[in-house]
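Asks: After the structure tokens below, expect a handful of questions from me.
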Amino acid sequence: MNGSPTRVRAAALAAAALLLAGCGGDDGGGGDSAPPVDPSLGTVTTGPDGVQEVTIETPDDYVFVPDSFEVAPGPVRLTVRSTAEQMVHNFRFTPGQGPAEIEEDIPLLEPGESATIEFEATTVGDYGFDCSFHLQLGQVGTMTVTG
Ligand SMILES: [Cu+2]
């Protein structure tokens, strides 16, 4: 159950992205109350290597936060951060729900883990994404590649 090197690296990248975004206020407190929504979520920043970076979260509820974001054509580094305490999620671009197929995915995201994928956004349009485990429960979202 402990992180593989890949997942550890993904977590480090996510932490670095947070530091770059200059966001604070994560007190790491426990408890059952929902954590405040991080305003940097879904906001695209450009990394030092010129790659667009965006982070979304998935809590125990069957949602992505936010469930939509926009990128420009080019390379994208997407981090999906689980804030779930129990639920196992995943992330994929829904087959047939976009103008082009994006095959990169996160097959398994255990509670509390983060994982990062990098892909090329080439064709302008709306790309559906989902957690395939909870697709029937409506855990879906949309990435828009702007013109
Ligand atoms: Cu899910």
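If you're wondering about the labels, chains in the structure tokens are A, B, ... by order shown, residues count from 1 in each chain, ligands from 1 in order shown.
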Enumerate, as a list in words, the complete set of residues in segment 39-74 of chain A that a backbone-based DSSP assignment places in strand (DSSP E or B).

Replies: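 Of segment 39-74 of chain A, only Thr45, Thr46, Gln52, Glu53, Val54, Thr55, Ile56, Glu57, Thr58, Val65, Ser68, Phe69, Glu70, Val71 and Gly74 of chain A fall in strand (DSSP E or B).
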
Asks: What residues have any atom no more than 6 Å from ligand 1 when counting only C-alpha atoms and all ligand atoms, and can you list them as a list in words?

Replies: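 So the residues close to ligand 1 are Tyr62, His89, Asn90, Cys131, Phe133 and His134 of chain A.
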
Asks: Do a neighbour search on segment 96-99 of chain A at 8 Å with only C-alpha atoms, toss out local chain neighbours closer than 3 positions, and write the hits as a compact mmCIF listing (two decimals) with N, CA and C atoms, in the first residue's frame.

Replies:
```
# COMPACT_ATOMS: atom_id res chain seq x y z
N PHE A 93 -9.25 9.96 -19.66
CA PHE A 93 -10.07 10.70 -20.61
C PHE A 93 -11.06 9.70 -21.19
N THR A 123 -5.53 18.98 -30.25
CA THR A 123 -6.73 19.39 -30.98
C THR A 123 -7.66 20.18 -30.07
N VAL A 124 -8.09 21.35 -30.56
CA VAL A 124 -8.99 22.21 -29.80
C VAL A 124 -10.34 21.52 -29.60
N GLY A 125 -10.90 21.71 -28.42
CA GLY A 125 -12.23 21.16 -28.16
C GLY A 125 -12.39 20.71 -26.72
N ASP A 126 -13.52 20.09 -26.46
CA ASP A 126 -13.84 19.61 -25.12
C ASP A 126 -13.55 18.11 -25.01
N TYR A 127 -12.83 17.77 -23.95
CA TYR A 127 -12.46 16.38 -23.70
C TYR A 127 -13.12 15.94 -22.39
N GLY A 128 -13.98 14.95 -22.48
CA GLY A 128 -14.56 14.41 -21.26
C GLY A 128 -13.54 13.57 -20.51
N PHE A 129 -13.58 13.65 -19.18
CA PHE A 129 -12.77 12.72 -18.38
C PHE A 129 -13.65 12.14 -17.28
```
